[in-house]
Amino acid sequence: MKQIFFLLMALIIFFTSTVSAQGKKILYVPLDSRPVNFYQVVDVAKKLGYEILTPPEKFLGSKNFHGDPDKLWTWLDETAPLADIAVISTDAMIYGSLVASRLQDLDPPKIMARAKRFQTFDEKFPRLPIYVFGTIMRTPRSELASSFEPEYYKTYGTLFFNYTALLDKQEMQKLSRKEQKQLKELEAQIPKEYFEDWSERRQENFDANKYMIDLTREGVFEYFLLGCDDSAMFSQTHRESRKLTEHASDLGKTVVQVTSGADELGMLMITRAINQDKHFIPFVSVMYNEGKGAETFPTFCNEPIGVSVDAAIIAAGGLRIPAHERADLVLAVNTRANGKTFDAASKKNNLKMRGDLKTFLKPVKDFLSKDYPVAVADITFANGADNALMNQLKRDDLQFKLRAYGGWNTASNASGFLIGTGVLTKFMNDKDVTELLIMRYLDDWAYQANVRQEIIAECYRVGVNPYKLDDVIDQMNSLTNEKMHAFVSENLILPKNFRLENFKVTLPWMRCFECDPRFDLVGGD
């Protein structure tokens with residue numbers, strides 16, 4: 001009798017988790033229009049049978065970095081009656097986009113008025129589950145600021161970063177005499193008017209995020225995921241994250257989280273919404289490489305990768321378990337033994353096999369030989385894949401034996417997006433999984449780790465700013481396609497009976513930082 005009971009329960013769980021998507025509509029407002037926030041997230045959800053309702057792209061932050069919050073709110077109110085679930089970016093609805101939040105000059109009452117519309121929205125549509133995600137403003141070093149911060153940050157950015165890093169450190173531990181002296185010197189070097197402008201903008205962002213936590217406490221949201229945009233261990237971003245975490249301390253991590261990252265948050269919230277809709281809790285086991293492993297502190301992050309991974313699993317609606325054989329997803333995290341991370345454009349990102357890479361691949365191959373659903377979080381390099389790892393996956397014919405892969409942008413971007421997509425592959429067929437792998441290989445490996453460097457070099461050769469390609473966009477799109485096709489022809493070994501058609505790549509924001517690969521995968525029957 002017990003066997004019959006458990007069989008019936010298994011059938012019920014399988015039935016509810018596979019058919020619940022039929023006819024369901026998810027209203028989704030992304031952070032901005034970049035492919036990894038918009039098209040690629042939508043594509044994952046569509047593969048599970050959901051219809052995704054998205055605002056007109058012209059309302060979102062795009063190549064001019066600004067969206068239109070007022071039009072987004074109008075669209076949201078008009079579209080909500082059609083939706084079964086809502087996943088919404090607070091940055092888009094309050095400021096217009098991620099970048100717009102750094103540059104906005106809105107009056108504080110205007111910001112809070114937009115923030116309070118979330119409560120009004122919930123009152124209008126009380127039966128609509130709402131999942132929201134937002135960001136704490138980044139604190140970049142001057143060389144990272146470019147045109148995405150106030151103009152004065154290009155001159156004083158390093159001073160801002162170092163000063164607030166010491167403030168953060170001072171609140172966490174005692175400063176040395178040298179550091180105390182340095183803190184006073186840095187404060188004196190930053191013009192008062194610039195510091196006030198910068199501080200006021202950050203305070204407005206902080207207050208809005210604090211209010212979102214309050215709304216979560218009141219039950220307005222199913223979940224609030226707050227990410228720290230490009231950050232560091234000691235920084236103003238980390239400082240604010242500590243205070244907001246404390247403000248949310250009475251709420252569990254299954255309701256609200258403050259973690260590292262930004263561009264992966266939309267994918268994680270879509271995944272959580274789908275898992276809750278399916279009444280499914282994915283089991284995720286994690287394998288770190290030997291050495292620093294989970295204690296690796298990646299570039300652009302304000303916490304060890306182990307903390308970010310655990311947070312992403314919870315945010316996605318999953319549960320971390322120790323037993324790989326029972327996991328719905330086995331996450332293998334590629335790190336160096338010494339815990340150091342580099343940029344994908346570094347000369348260190350070559351094809352040479354490293355000792356720590358051999359130790360990483362050994363258990364990965366063992367998992368695959370046992371038919372475990374393996375996903376690889378490739379975080380050794382920021383802003384692109386580990387070429388030595390990818391070359392070895394190609395040589396060992398393992399590229400398409402994985403269930404998921406991630407190696408783009410920051411470590412938390414890569415691992416978070418990967419966890420979001422990876423746990424959902426349980427409900428996908430082989431063709432869908434292959435398409436998602438191809439997308440990541442094209443974006444993270446072909447473009448970010450390799451072709452992008454060639455395009456940037458060509459821009460400098462002809463005297464063009466790689467981040468302002470408006471006048472030469474056709475030329476650079478053509479060159480990008482040429483190089484991407486050549487890379488794919490040499491490095492991507494598709495499973496039998498599959499082939500790529502209509503493969504085209506564009507630079508959607510008129511800059512070299514991101515690309516938009518599109519293709520049709522044909523065959524596989």
# chains A, B, ... in the order shown; residues from 1 in each chain; ligands from 1
>>> closest_atom_pairs(of="segment 366-390 of chain A", to="segment 291-311 of chain A", cutoff="12 Å", atoms="only C-alpha atoms", output="CSV")
residue,atom,partner,partner_atom,distance
A:Ala377,CA,A:Val309,CA,9.7
A:Asp378,CA,A:Ile305,CA,11.5
A:Ile379,CA,A:Pro298,CA,7.8
A:Thr380,CA,A:Pro298,CA,8.2
A:Phe381,CA,A:Pro298,CA,8.7
A:Ala382,CA,A:Thr299,CA,7.0
A:Asn383,CA,A:Thr299,CA,10.1
>>> select_by_dssp(residues="segment 171-294 of chain A", states="alpha helix (DSSP H)", output="MDAnalysis selection string")
chainID A and resid 171:172 177:189 192:217 236:247 265:277
>>> residues_around(residues="Gln257 of chain A", least_positions_apart="6", cutoff="12 Å", atoms="only C-alpha atoms", output="number ranges by chain")
A: 132-135, 209, 212-213, 216, 223-228, 241-242, 244-251, 265, 268-269, 307-308, 310-316
>>> closest_residue(among="A:Gln276, A:Gln448, A:Asn429, A:Ser285", to="Pro129 of chain A", atoms="only C-alpha atoms")
A:Gln276
>>> closest_residue(among="A:Arg239, A:Thr120, A:Ala457, A:His485", to="Gln170 of chain A", atoms="only C-alpha atoms")
A:Arg239
